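Next up, input17.pdb (PDB, C-alpha atoms):
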```pdb
ATOM      1  CA  MET A   1     -68.236 -38.386 282.249
ATOM      2  CA  LYS A   2     -69.650 -36.020 284.862
ATOM      3  CA  ARG A   3     -69.599 -32.283 284.209
ATOM      4  CA  LEU A   4     -67.876 -29.587 286.301
ATOM      5  CA  VAL A   5     -68.686 -25.873 286.088
ATOM      6  CA  SER A   6     -67.025 -22.958 287.863
ATOM      7  CA  GLY A   7     -65.736 -19.430 287.321
ATOM      8  CA  ILE A   8     -63.817 -16.520 288.858
ATOM      9  CA  LYS A   9     -64.575 -12.787 288.752
ATOM     10  CA  PRO A  10     -61.966 -10.707 286.880
ATOM     11  CA  THR A  11     -61.739  -8.038 289.581
ATOM     12  CA  GLY A  12     -58.539  -7.023 291.316
ATOM     13  CA  GLU A  13     -55.255  -8.786 290.740
ATOM     14  CA  PHE A  14     -55.302 -12.567 290.834
ATOM     15  CA  THR A  15     -53.849 -14.096 293.957
ATOM     16  CA  LEU A  16     -52.155 -17.188 295.251
ATOM     17  CA  GLY A  17     -55.423 -17.757 297.120
ATOM     18  CA  ASN A  18     -57.279 -17.855 293.778
ATOM     19  CA  TYR A  19     -54.793 -20.430 292.500
ATOM     20  CA  ILE A  20     -54.728 -22.706 295.536
ATOM     21  CA  GLY A  21     -58.411 -22.354 296.413
ATOM     22  CA  ALA A  22     -59.819 -22.639 292.892
ATOM     23  CA  ILE A  23     -57.623 -22.882 289.787
ATOM     24  CA  LYS A  24     -55.425 -25.679 291.166
ATOM     25  CA  GLN A  25     -58.554 -27.718 291.840
ATOM     26  CA  PHE A  26     -59.796 -27.157 288.268
ATOM     27  CA  VAL A  27     -56.462 -28.365 286.875
ATOM     28  CA  GLU A  28     -56.436 -31.499 289.013
ATOM     29  CA  MET A  29     -60.031 -32.425 288.160
ATOM     30  CA  GLN A  30     -60.113 -31.639 284.439
ATOM     31  CA  LYS A  31     -59.199 -35.154 283.310
ATOM     32  CA  ASP A  32     -61.882 -36.708 285.491
ATOM     33  CA  TYR A  33     -64.664 -34.271 284.580
ATOM     34  CA  GLU A  34     -65.941 -32.566 281.461
ATOM     35  CA  SER A  35     -64.966 -29.110 282.670
ATOM     36  CA  PHE A  36     -66.473 -25.713 281.869
ATOM     37  CA  VAL A  37     -64.448 -22.912 283.462
ATOM     38  CA  PHE A  38     -65.258 -19.283 282.749
ATOM     39  CA  VAL A  39     -64.432 -15.669 283.487
ATOM     40  CA  ALA A  40     -67.412 -14.319 285.451
ATOM     41  CA  ASP A  41     -67.201 -10.784 284.039
ATOM     42  CA  LEU A  42     -70.922 -10.012 284.336
ATOM     43  CA  HIS A  43     -70.632 -10.583 288.078
ATOM     44  CA  ALA A  44     -67.989  -7.856 288.195
ATOM     45  CA  LEU A  45     -70.657  -5.277 287.307
ATOM     46  CA  THR A  46     -72.337  -5.393 290.735
ATOM     47  CA  VAL A  47     -69.853  -2.628 291.648
ATOM     48  CA  TYR A  48     -68.146  -0.048 289.452
ATOM     49  CA  ASN A  49     -65.001  -1.155 287.631
ATOM     50  CA  ASP A  50     -62.929   0.929 285.244
ATOM     51  CA  PRO A  51     -63.932  -0.520 281.825
ATOM     52  CA  GLU A  52     -60.401  -0.662 280.422
ATOM     53  CA  VAL A  53     -59.015  -2.279 283.553
ATOM     54  CA  LEU A  54     -61.847  -4.815 283.554
ATOM     55  CA  ARG A  55     -61.186  -5.653 279.909
ATOM     56  CA  THR A  56     -57.510  -6.213 280.709
ATOM     57  CA  ARG A  57     -58.327  -8.412 283.701
ATOM     58  CA  ILE A  58     -60.567 -10.648 281.557
ATOM     59  CA  ARG A  59     -57.696 -11.471 279.201
ATOM     60  CA  GLU A  60     -55.284 -11.836 282.108
ATOM     61  CA  LEU A  61     -57.491 -14.423 283.773
ATOM     62  CA  ILE A  62     -57.776 -16.546 280.628
ATOM     63  CA  GLY A  63     -53.991 -16.362 280.290
ATOM     64  CA  ILE A  64     -53.573 -17.372 283.927
ATOM     65  CA  TYR A  65     -56.013 -20.267 283.527
ATOM     66  CA  LEU A  66     -53.925 -21.569 280.624
ATOM     67  CA  ALA A  67     -50.574 -20.923 282.317
ATOM     68  CA  CYS A  68     -51.712 -22.784 285.436
ATOM     69  CA  GLY A  69     -52.430 -25.878 283.375
ATOM     70  CA  LEU A  70     -56.034 -25.774 282.224
ATOM     71  CA  ASP A  71     -55.909 -27.634 278.920
ATOM     72  CA  PRO A  72     -58.434 -26.737 276.166
ATOM     73  CA  LYS A  73     -58.485 -30.452 275.276
ATOM     74  CA  HIS A  74     -60.095 -31.174 278.631
ATOM     75  CA  THR A  75     -61.538 -27.805 279.739
ATOM     76  CA  THR A  76     -63.842 -25.432 277.892
ATOM     77  CA  LEU A  77     -62.654 -21.920 278.767
ATOM     78  CA  PHE A  78     -64.945 -19.008 277.994
ATOM     79  CA  VAL A  79     -65.964 -15.487 278.938
ATOM     80  CA  GLN A  80     -69.424 -15.276 280.516
ATOM     81  CA  SER A  81     -70.538 -12.071 278.767
ATOM     82  CA  GLU A  82     -69.757 -13.499 275.320
ATOM     83  CA  ASN A  83     -72.641 -15.931 275.778
ATOM     84  CA  LEU A  84     -75.760 -13.748 276.022
ATOM     85  CA  PHE A  85     -77.915 -16.700 277.082
ATOM     86  CA  HIS A  86     -76.532 -16.430 280.625
ATOM     87  CA  ALA A  87     -78.457 -13.188 281.135
ATOM     88  CA  ASN A  88     -81.578 -14.637 279.473
ATOM     89  CA  LEU A  89     -81.656 -17.614 281.811
ATOM     90  CA  SER A  90     -80.795 -15.472 284.815
ATOM     91  CA  TRP A  91     -84.003 -13.459 284.412
ATOM     92  CA  VAL A  92     -86.156 -16.586 284.354
ATOM     93  CA  LEU A  93     -84.392 -17.898 287.461
ATOM     94  CA  GLU A  94     -84.805 -14.547 289.239
ATOM     95  CA  CYS A  95     -88.524 -14.903 288.631
ATOM     96  CA  ASN A  96     -88.364 -18.298 290.300
ATOM     97  CA  SER A  97     -86.406 -17.037 293.313
ATOM     98  CA  TYR A  98     -87.691 -15.393 296.488
ATOM     99  CA  VAL A  99     -86.655 -12.124 298.079
ATOM    100  CA  GLY A 100     -86.112 -13.876 301.407
ATOM    101  CA  GLU A 101     -83.581 -16.376 300.072
ATOM    102  CA  LEU A 102     -81.671 -13.745 298.089
ATOM    103  CA  SER A 103     -81.506 -11.418 301.096
ATOM    104  CA  ARG A 104     -79.901 -14.183 303.156
ATOM    105  CA  MET A 105     -76.914 -14.505 300.819
ATOM    106  CA  THR A 106     -73.687 -13.636 302.615
ATOM    107  CA  GLN A 107     -72.306 -11.135 300.092
ATOM    108  CA  PHE A 108     -75.470  -9.041 300.149
ATOM    109  CA  LYS A 109     -75.759  -9.198 303.929
ATOM    110  CA  ASP A 110     -72.130  -8.208 304.470
ATOM    111  CA  LYS A 111     -71.938  -5.420 301.901
ATOM    112  CA  SER A 112     -75.325  -3.910 302.712
ATOM    113  CA  LYS A 113     -74.705  -3.837 306.454
ATOM    114  CA  ASN A 114     -74.877  -0.294 307.829
ATOM    115  CA  LYS A 115     -75.491   1.132 304.351
ATOM    116  CA  GLY A 116     -78.540   2.905 302.993
ATOM    117  CA  ASN A 117     -80.456   1.226 300.197
ATOM    118  CA  GLU A 118     -79.511   4.015 297.795
ATOM    119  CA  SER A 119     -75.841   2.920 297.810
ATOM    120  CA  ILE A 120     -76.478  -0.761 296.992
ATOM    121  CA  SER A 121     -76.921  -1.898 293.397
ATOM    122  CA  CYS A 122     -79.792  -4.193 292.486
ATOM    123  CA  GLY A 123     -77.190  -6.451 290.906
ATOM    124  CA  LEU A 124     -75.620  -7.136 294.303
ATOM    125  CA  PHE A 125     -79.001  -8.431 295.452
ATOM    126  CA  THR A 126     -79.887 -10.493 292.378
ATOM    127  CA  TYR A 127     -76.505 -11.764 291.169
ATOM    128  CA  PRO A 128     -76.931 -15.175 292.929
ATOM    129  CA  ALA A 129     -79.640 -15.904 290.335
ATOM    130  CA  LEU A 130     -77.093 -15.221 287.595
ATOM    131  CA  MET A 131     -74.678 -17.528 289.384
ATOM    132  CA  ALA A 132     -77.392 -20.193 289.402
ATOM    133  CA  ALA A 133     -77.834 -19.640 285.660
ATOM    134  CA  ASP A 134     -74.092 -20.094 285.120
ATOM    135  CA  ILE A 135     -74.282 -23.472 286.844
ATOM    136  CA  LEU A 136     -77.654 -24.785 285.658
ATOM    137  CA  MET A 137     -77.133 -23.751 282.023
ATOM    138  CA  TYR A 138     -74.596 -26.519 281.528
ATOM    139  CA  ASP A 139     -76.221 -29.237 283.658
ATOM    140  CA  ALA A 140     -73.322 -29.260 286.090
ATOM    141  CA  ASP A 141     -72.889 -32.346 288.233
ATOM    142  CA  VAL A 142     -70.370 -30.668 290.537
ATOM    143  CA  VAL A 143     -69.321 -27.108 291.318
ATOM    144  CA  PRO A 144     -65.952 -26.738 293.088
ATOM    145  CA  VAL A 145     -66.228 -23.872 295.569
ATOM    146  CA  GLY A 146     -64.643 -22.548 298.729
ATOM    147  CA  VAL A 147     -66.566 -22.942 301.960
ATOM    148  CA  ASP A 148     -67.770 -19.323 301.748
ATOM    149  CA  GLN A 149     -69.386 -19.956 298.341
ATOM    150  CA  LYS A 150     -71.224 -23.148 299.224
ATOM    151  CA  GLN A 151     -74.508 -21.312 299.847
ATOM    152  CA  HIS A 152     -74.555 -20.146 296.207
ATOM    153  CA  VAL A 153     -74.586 -23.741 295.024
ATOM    154  CA  GLU A 154     -77.275 -24.541 297.581
ATOM    155  CA  LEU A 155     -79.386 -21.704 296.168
ATOM    156  CA  ALA A 156     -78.863 -23.052 292.648
ATOM    157  CA  ARG A 157     -80.040 -26.452 293.875
ATOM    158  CA  ASN A 158     -83.156 -24.909 295.437
ATOM    159  CA  ILE A 159     -84.004 -22.976 292.280
ATOM    160  CA  ALA A 160     -83.438 -26.035 290.080
ATOM    161  CA  GLU A 161     -85.690 -28.202 292.222
ATOM    162  CA  ARG A 162     -88.379 -25.501 292.344
ATOM    163  CA  PHE A 163     -88.302 -25.040 288.563
ATOM    164  CA  ASN A 164     -88.346 -28.793 287.921
ATOM    165  CA  ASN A 165     -91.365 -29.191 290.213
ATOM    166  CA  ARG A 166     -93.267 -26.386 288.493
ATOM    167  CA  TYR A 167     -92.411 -27.021 284.847
ATOM    168  CA  GLY A 168     -91.086 -30.567 284.606
ATOM    169  CA  LYS A 169     -87.579 -31.990 284.594
ATOM    170  CA  THR A 170     -85.312 -29.322 283.097
ATOM    171  CA  PHE A 171     -82.205 -28.818 285.234
ATOM    172  CA  LYS A 172     -79.732 -31.203 286.768
ATOM    173  CA  VAL A 173     -79.396 -30.536 290.520
ATOM    174  CA  PRO A 174     -75.668 -29.878 291.154
ATOM    175  CA  ASP A 175     -73.516 -30.783 294.144
ATOM    176  CA  PRO A 176     -70.962 -28.441 295.730
ATOM    177  CA  MET A 177     -67.422 -29.798 295.864
ATOM    178  CA  ILE A 178     -65.238 -28.342 298.628
ATOM    179  CA  PRO A 179     -61.549 -29.331 298.607
ATOM    180  CA  GLU A 180     -60.320 -30.958 301.809
ATOM    181  CA  ALA A 181     -57.271 -28.689 301.981
ATOM    182  CA  GLY A 182     -56.523 -25.253 300.657
ATOM    183  CA  ALA A 183     -60.128 -24.227 300.080
ATOM    184  CA  LYS A 184     -59.302 -20.943 301.782
ATOM    185  CA  ILE A 185     -55.890 -19.266 301.976
ATOM    186  CA  TYR A 186     -55.566 -16.527 304.565
ATOM    187  CA  ASP A 187     -54.065 -13.047 304.613
ATOM    188  CA  LEU A 188     -50.360 -13.091 305.519
ATOM    189  CA  GLN A 189     -50.752 -10.101 307.857
ATOM    190  CA  ASN A 190     -54.131 -11.055 309.274
ATOM    191  CA  PRO A 191     -54.351 -14.866 309.097
ATOM    192  CA  THR A 192     -57.911 -14.943 310.404
ATOM    193  CA  LYS A 193     -59.083 -13.170 307.219
ATOM    194  CA  LYS A 194     -59.279 -14.695 303.744
ATOM    195  CA  MET A 195     -56.509 -13.698 301.317
ATOM    196  CA  SER A 196     -58.313 -11.248 299.061
ATOM    197  CA  LYS A 197     -57.465  -9.493 295.807
ATOM    198  CA  THR A 198     -59.224  -6.427 297.242
ATOM    199  CA  ASP A 199     -56.615  -6.125 300.019
ATOM    200  CA  GLU A 200     -55.796  -2.407 300.019
ATOM    201  CA  SER A 201     -52.304  -2.623 301.528
ATOM    202  CA  GLY A 202     -51.227  -5.583 299.383
ATOM    203  CA  LYS A 203     -48.882  -6.774 302.136
ATOM    204  CA  GLY A 204     -50.998  -9.767 303.104
ATOM    205  CA  CYS A 205     -51.700 -10.992 299.604
ATOM    206  CA  ILE A 206     -49.515 -12.754 297.017
ATOM    207  CA  MET A 207     -50.412 -11.684 293.460
ATOM    208  CA  LEU A 208     -49.830 -14.233 290.685
ATOM    209  CA  LEU A 209     -48.331 -11.652 288.326
ATOM    210  CA  GLU A 210     -46.331  -9.604 290.819
ATOM    211  CA  ASP A 211     -42.534  -9.546 291.044
ATOM    212  CA  PRO A 212     -41.562 -12.884 292.644
ATOM    213  CA  SER A 213     -38.968 -11.126 294.802
ATOM    214  CA  VAL A 214     -41.725  -8.922 296.264
ATOM    215  CA  ALA A 215     -43.809 -12.008 297.006
ATOM    216  CA  ARG A 216     -40.808 -13.515 298.745
ATOM    217  CA  LYS A 217     -40.532 -10.523 301.062
ATOM    218  CA  LYS A 218     -44.230 -10.805 301.930
ATOM    219  CA  ILE A 219     -43.766 -14.424 303.010
ATOM    220  CA  MET A 220     -40.725 -13.530 305.100
ATOM    221  CA  SER A 221     -42.699 -10.790 306.898
ATOM    222  CA  ALA A 222     -45.836 -12.916 307.407
ATOM    223  CA  VAL A 223     -47.384 -12.750 310.878
ATOM    224  CA  THR A 224     -46.743 -15.843 313.009
ATOM    225  CA  ASP A 225     -46.731 -16.217 316.842
ATOM    226  CA  SER A 226     -44.300 -16.340 319.732
ATOM    227  CA  GLU A 227     -44.077 -20.110 320.231
ATOM    228  CA  SER A 228     -41.366 -20.838 317.599
ATOM    229  CA  LYS A 229     -42.663 -24.350 316.840
ATOM    230  CA  VAL A 230     -43.955 -25.345 313.421
ATOM    231  CA  TYR A 231     -47.146 -27.381 313.485
ATOM    232  CA  TYR A 232     -50.714 -27.098 312.234
ATOM    233  CA  ASP A 233     -53.211 -25.560 314.645
ATOM    234  CA  LYS A 234     -55.606 -23.288 312.796
ATOM    235  CA  GLU A 235     -57.173 -21.845 315.942
ATOM    236  CA  ASN A 236     -54.062 -21.126 318.017
ATOM    237  CA  LYS A 237     -51.443 -20.793 315.271
ATOM    238  CA  PRO A 238     -53.315 -19.325 312.262
ATOM    239  CA  GLY A 239     -50.237 -17.715 310.673
ATOM    240  CA  ILE A 240     -48.053 -20.821 310.774
ATOM    241  CA  SER A 241     -50.985 -23.018 309.753
ATOM    242  CA  ASN A 242     -51.635 -20.800 306.726
ATOM    243  CA  LEU A 243     -47.989 -21.035 305.632
ATOM    244  CA  LEU A 244     -48.059 -24.814 306.079
ATOM    245  CA  VAL A 245     -51.097 -25.071 303.802
ATOM    246  CA  ILE A 246     -49.431 -22.893 301.157
ATOM    247  CA  TYR A 247     -46.190 -24.894 301.292
ATOM    248  CA  SER A 248     -47.841 -28.311 301.292
ATOM    249  CA  LEU A 249     -50.041 -27.538 298.297
ATOM    250  CA  LEU A 250     -47.304 -25.941 296.207
ATOM    251  CA  GLU A 251     -44.959 -28.850 296.998
ATOM    252  CA  HIS A 252     -47.692 -31.478 296.508
ATOM    253  CA  ILE A 253     -47.276 -33.028 299.948
ATOM    254  CA  SER A 254     -49.643 -33.402 302.906
ATOM    255  CA  ILE A 255     -49.743 -30.965 305.806
ATOM    256  CA  GLU A 256     -48.576 -33.838 308.015
ATOM    257  CA  GLU A 257     -45.512 -34.338 305.813
ATOM    258  CA  ALA A 258     -44.790 -30.598 305.837
ATOM    259  CA  THR A 259     -45.144 -30.473 309.616
ATOM    260  CA  GLN A 260     -42.766 -33.412 310.012
ATOM    261  CA  LYS A 261     -40.246 -31.802 307.663
ATOM    262  CA  PHE A 262     -40.126 -28.577 309.697
ATOM    263  CA  GLY A 263     -40.709 -30.064 313.139
ATOM    264  CA  GLU A 264     -37.219 -29.095 314.308
ATOM    265  CA  SER A 265     -36.990 -25.831 312.332
ATOM    266  CA  ASN A 266     -37.205 -22.273 313.618
ATOM    267  CA  TYR A 267     -39.603 -19.815 312.037
ATOM    268  CA  GLY A 268     -36.866 -18.147 309.986
ATOM    269  CA  SER A 269     -35.809 -21.309 308.164
ATOM    270  CA  PHE A 270     -39.444 -22.399 307.764
ATOM    271  CA  LYS A 271     -40.426 -19.077 306.189
ATOM    272  CA  THR A 272     -37.384 -19.239 303.913
ATOM    273  CA  ALA A 273     -38.521 -22.618 302.595
ATOM    274  CA  VAL A 274     -42.067 -21.329 302.014
ATOM    275  CA  ALA A 275     -40.674 -18.220 300.301
ATOM    276  CA  ASP A 276     -38.463 -20.406 298.065
ATOM    277  CA  SER A 277     -41.485 -22.475 297.059
ATOM    278  CA  VAL A 278     -43.687 -19.452 296.325
ATOM    279  CA  GLU A 279     -40.951 -17.653 294.378
ATOM    280  CA  LYS A 280     -40.190 -20.721 292.240
ATOM    281  CA  PHE A 281     -43.888 -21.217 291.521
ATOM    282  CA  LEU A 282     -44.380 -17.590 290.431
ATOM    283  CA  VAL A 283     -41.276 -17.512 288.217
ATOM    284  CA  GLU A 284     -42.415 -20.626 286.339
ATOM    285  CA  LEU A 285     -46.044 -19.483 286.112
ATOM    286  CA  GLN A 286     -45.152 -16.041 284.789
ATOM    287  CA  ALA A 287     -42.839 -17.470 282.142
ATOM    288  CA  LYS A 288     -45.691 -19.651 280.845
ATOM    289  CA  TYR A 289     -48.140 -16.749 281.061
ATOM    290  CA  ASN A 290     -45.936 -14.398 279.018
ATOM    291  CA  GLU A 291     -45.424 -17.063 276.369
ATOM    292  CA  ILE A 292     -49.202 -17.601 276.096
ATOM    293  CA  VAL A 293     -49.965 -13.877 275.831
ATOM    294  CA  GLU A 294     -47.428 -13.427 273.029
ATOM    295  CA  SER A 295     -48.611 -16.517 271.121
ATOM    296  CA  GLY A 296     -52.199 -15.431 270.422
ATOM    297  CA  LEU A 297     -53.500 -18.600 272.085
ATOM    298  CA  ILE A 298     -56.038 -16.705 274.224
ATOM    299  CA  ASP A 299     -58.187 -15.607 271.274
ATOM    300  CA  GLU A 300     -57.794 -18.964 269.553
ATOM    301  CA  VAL A 301     -59.103 -20.802 272.628
ATOM    302  CA  LEU A 302     -61.992 -18.383 273.233
ATOM    303  CA  ASP A 303     -63.159 -18.370 269.600
ATOM    304  CA  ALA A 304     -63.345 -22.171 269.582
ATOM    305  CA  SER A 305     -65.091 -22.473 272.939
ATOM    306  CA  ASN A 306     -67.696 -19.796 272.177
ATOM    307  CA  LYS A 307     -69.246 -21.952 269.464
ATOM    308  CA  LYS A 308     -69.533 -24.880 271.859
ATOM    309  CA  VAL A 309     -71.024 -23.043 274.844
ATOM    310  CA  ARG A 310     -73.480 -20.983 272.771
ATOM    311  CA  LYS A 311     -74.926 -24.140 271.210
ATOM    312  CA  ILE A 312     -75.417 -25.776 274.628
ATOM    313  CA  ALA A 313     -76.822 -22.577 276.138
ATOM    314  CA  GLU A 314     -79.234 -21.859 273.291
ATOM    315  CA  GLU A 315     -80.748 -25.335 273.547
ATOM    316  CA  LYS A 316     -81.213 -24.983 277.307
ATOM    317  CA  VAL A 317     -82.716 -21.493 277.177
ATOM    318  CA  LEU A 318     -85.123 -22.326 274.356
ATOM    319  CA  ASP A 319     -86.294 -25.348 276.348
ATOM    320  CA  VAL A 320     -86.821 -23.124 279.403
ATOM    321  CA  PHE A 321     -88.654 -20.457 277.394
ATOM    322  CA  LYS A 322     -90.935 -23.101 275.897
ATOM    323  CA  LYS A 323     -91.758 -24.514 279.331
ATOM    324  CA  VAL A 324     -92.520 -21.158 280.956
ATOM    325  CA  GLY A 325     -94.637 -20.115 277.953
ATOM    326  CA  VAL A 326     -92.718 -17.178 276.453
ATOM    327  CA  GLY A 327     -91.863 -16.672 272.790
ATOM    328  CA  ARG A 328     -93.740 -17.889 269.730
ATOM    329  CA  TYR A 329     -92.515 -21.486 269.641
TER     330      TYR A 329
END
```
structure tokens encoding of this file:
Amino acid sequence: MKRLVSGIKPTGEFTLGNYIGAIKQFVEMQKDYESFVFVADLHALTVYNDPEVLRTRIRELIGIYLACGLDPKHTTLFVQSENLFHANLSWVLECNSYVGELSRMTQFKDKSKNKGNESISCGLFTYPALMAADILMYDADVVPVGVDQKQHVELARNIAERFNNRYGKTFKVPDPMIPEAGAKIYDLQNPTKKMSKTDESGKGCIMLLEDPSVARKKIMSAVTDSESKVYYDKENKPGISNLLVIYSLLEHISIEEATQKFGESNYGSFKTAVADSVEKFLVELQAKYNEIVESGLIDEVLDASNKKVRKIAEEKVLDVFKKVGVGRY
């Protein structure tokens, strides 16, 4: 069975975009792949986070993973920082990366634009090497990512090939896997911008743990257009197209089927249907989440998975250390 590896940063509240663009894909693929899904908490340190809030978010994300349907029988769930070998491997991969390729990474380019070097952490520049370590540590065959994260997998591929050429076959070269639909959910108030958990106003973003009635109001006030016809046209009707994607994926139907269903509807009745779907999804998800938190399952799952991932990681890192010539053995 092929192996899948992916993770999400525990920063900000977790959104419907996180679910549709990432977690839903993990759930659907877990029976077809040996899945390793983690909380990327070390990546959160590229900017300051309140330590207590960060700690809370880590547990929340594991609870959300489980509530959304990730099954420990099929998916190994773990917290990145609890496996110290990630940082060990990251350093070796940094030393096999080039400044030019790291400086071309979108996150660094965007966040460093118009800023002095003093305000940018070194971690923001080098974290793609840690991301490569996350992937290459477990010999991933595929890495499900949104379109904006594809270049990170491409960097991991480049580093793996470079290392293999220098030191001999060590890493499997992974392939990015981009879902055909729902890879990116857009802001409800600005549907040309990705739905983000860092949205300051909160009006354009549906949070997975927010009051479902509040989420409903956000859908009903979502920006649309003046045409009053429901059909998919991402360029000319970004707001309606975004709502169609959300509805189709939550209802497990195609965009074509959703478009046909609402072909004669006005925007008010269409939004009501989307709001109904989102509200129902959140009510059910939150009930499962609260049950998981109260049961103690989170620690039980993490304790079991830590033993598994540390064994795999230790073997990989010791092999790498031996090949690059460090250590006594």
Excluding same-chain residues fewer than 3 positions from Ser221 (chain A), what lies within 9 Å of it counting only C-alpha atoms, as a count of residues only? 8
CA of Val274 (chain A) and CA of Glu235 (chain A) are how many Å apart? 20.6 Å
Contacts of region 319-327 of chain A at 12 Å or less, counting only C-alpha atoms, minus same-chain residues fewer than 2 places along, as a ChimeraX atom specification? /A:85,88-93,95-96,133,136-137,160,163-171,312-317,329
Can you find the residues with an atom no farther than 12 Å from (-62.3, -27.1, 288.4), counting only C-alpha atoms, and report them as a PDB file with C-alpha atoms, in the frame of the given file?
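What ended up in part.pdb:
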```pdb
ATOM      1  CA  ARG A   3     -69.599 -32.283 284.209  1.00  0.00           C
ATOM      2  CA  LEU A   4     -67.876 -29.587 286.301  1.00  0.00           C
ATOM      3  CA  VAL A   5     -68.686 -25.873 286.088  1.00  0.00           C
ATOM      4  CA  SER A   6     -67.025 -22.958 287.863  1.00  0.00           C
ATOM      5  CA  GLY A   7     -65.736 -19.430 287.321  1.00  0.00           C
ATOM      6  CA  ILE A   8     -63.817 -16.520 288.858  1.00  0.00           C
ATOM      7  CA  ASN A  18     -57.279 -17.855 293.778  1.00  0.00           C
ATOM      8  CA  TYR A  19     -54.793 -20.430 292.500  1.00  0.00           C
ATOM      9  CA  ILE A  20     -54.728 -22.706 295.536  1.00  0.00           C
ATOM     10  CA  GLY A  21     -58.411 -22.354 296.413  1.00  0.00           C
ATOM     11  CA  ALA A  22     -59.819 -22.639 292.892  1.00  0.00           C
ATOM     12  CA  ILE A  23     -57.623 -22.882 289.787  1.00  0.00           C
ATOM     13  CA  LYS A  24     -55.425 -25.679 291.166  1.00  0.00           C
ATOM     14  CA  GLN A  25     -58.554 -27.718 291.840  1.00  0.00           C
ATOM     15  CA  PHE A  26     -59.796 -27.157 288.268  1.00  0.00           C
ATOM     16  CA  VAL A  27     -56.462 -28.365 286.875  1.00  0.00           C
ATOM     17  CA  GLU A  28     -56.436 -31.499 289.013  1.00  0.00           C
ATOM     18  CA  MET A  29     -60.031 -32.425 288.160  1.00  0.00           C
ATOM     19  CA  GLN A  30     -60.113 -31.639 284.439  1.00  0.00           C
ATOM     20  CA  LYS A  31     -59.199 -35.154 283.310  1.00  0.00           C
ATOM     21  CA  ASP A  32     -61.882 -36.708 285.491  1.00  0.00           C
ATOM     22  CA  TYR A  33     -64.664 -34.271 284.580  1.00  0.00           C
ATOM     23  CA  GLU A  34     -65.941 -32.566 281.461  1.00  0.00           C
ATOM     24  CA  SER A  35     -64.966 -29.110 282.670  1.00  0.00           C
ATOM     25  CA  PHE A  36     -66.473 -25.713 281.869  1.00  0.00           C
ATOM     26  CA  VAL A  37     -64.448 -22.912 283.462  1.00  0.00           C
ATOM     27  CA  PHE A  38     -65.258 -19.283 282.749  1.00  0.00           C
ATOM     28  CA  TYR A  65     -56.013 -20.267 283.527  1.00  0.00           C
ATOM     29  CA  CYS A  68     -51.712 -22.784 285.436  1.00  0.00           C
ATOM     30  CA  GLY A  69     -52.430 -25.878 283.375  1.00  0.00           C
ATOM     31  CA  LEU A  70     -56.034 -25.774 282.224  1.00  0.00           C
ATOM     32  CA  ASP A  71     -55.909 -27.634 278.920  1.00  0.00           C
ATOM     33  CA  HIS A  74     -60.095 -31.174 278.631  1.00  0.00           C
ATOM     34  CA  THR A  75     -61.538 -27.805 279.739  1.00  0.00           C
ATOM     35  CA  THR A  76     -63.842 -25.432 277.892  1.00  0.00           C
ATOM     36  CA  LEU A  77     -62.654 -21.920 278.767  1.00  0.00           C
ATOM     37  CA  ALA A 140     -73.322 -29.260 286.090  1.00  0.00           C
ATOM     38  CA  ASP A 141     -72.889 -32.346 288.233  1.00  0.00           C
ATOM     39  CA  VAL A 142     -70.370 -30.668 290.537  1.00  0.00           C
ATOM     40  CA  VAL A 143     -69.321 -27.108 291.318  1.00  0.00           C
ATOM     41  CA  PRO A 144     -65.952 -26.738 293.088  1.00  0.00           C
ATOM     42  CA  VAL A 145     -66.228 -23.872 295.569  1.00  0.00           C
ATOM     43  CA  GLY A 146     -64.643 -22.548 298.729  1.00  0.00           C
ATOM     44  CA  PRO A 176     -70.962 -28.441 295.730  1.00  0.00           C
ATOM     45  CA  MET A 177     -67.422 -29.798 295.864  1.00  0.00           C
ATOM     46  CA  ILE A 178     -65.238 -28.342 298.628  1.00  0.00           C
ATOM     47  CA  PRO A 179     -61.549 -29.331 298.607  1.00  0.00           C
TER      48      PRO A 179
END
```
Separating CA of Asp299 (chain A) from CA of Asn83 (chain A), to the nearest tenth of an Å, is a gap of 15.1 Å
The PyMOL selection byres ((chain A and resi 232) around 6) applied to the shown file, residues as an mmCIF file with C-alpha atoms, keeping the file's coordinate frame:
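What ended up in out_31.cif:
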```
data_model
loop_
_atom_site.group_PDB
_atom_site.id
_atom_site.type_symbol
_atom_site.label_atom_id
_atom_site.label_comp_id
_atom_site.auth_asym_id
_atom_site.auth_seq_id
_atom_site.Cartn_x
_atom_site.Cartn_y
_atom_site.Cartn_z
ATOM 1 C CA TYR A 231 -47.146 -27.381 313.485
ATOM 2 C CA ASP A 233 -53.211 -25.560 314.645
ATOM 3 C CA SER A 241 -50.985 -23.018 309.753
#
```
Hey, can you check how far CA of Leu250 (chain A) sits from CA of Ile135 (chain A)? 28.7 Å
For each of A:Phe281, A:Met105, A:Glu257, A:Leu84, take the minimum atom-to-atom distance to Ala129 (chain A), counting only C-alpha atoms, then give the residue where this is smallest. A:Met105
Please evaluate the PyMOL selection byres ((chain A and resi 103) around 12) against the structure above and give the resulting residues as a VMD selection string. chain A and resid 97 to 102 104 to 113 122 124 to 129 155
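Taking all atoms listed in the file into account, the polymer residues that have an atom no farther than 7 Å from (-66.5, -13.7, 278.8) are Phe38, Val39, Ala40, Asp41, Phe78, Val79, Gln80, Ser81 and Glu82 of chain A.
Of the residues listed (A:Ala67, A:Gly202, A:Asp211, A:Ala44), A:Ala44 shows the shortest atom-to-atom separation from Leu130 (chain A); distances use only C-alpha atoms.
Comparing the minimum interatomic distances between Ile255 (chain A) and each of A:Ala275, A:Val153, A:Val309, A:Val230, counting all atoms listed in the file, we find that A:Val230 sits nearest.
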Smallest atom-to-atom distance to His86 (chain A): which of A:Tyr138, A:Tyr247, A:Phe14, A:Tyr289, using only C-alpha atoms? A:Tyr138
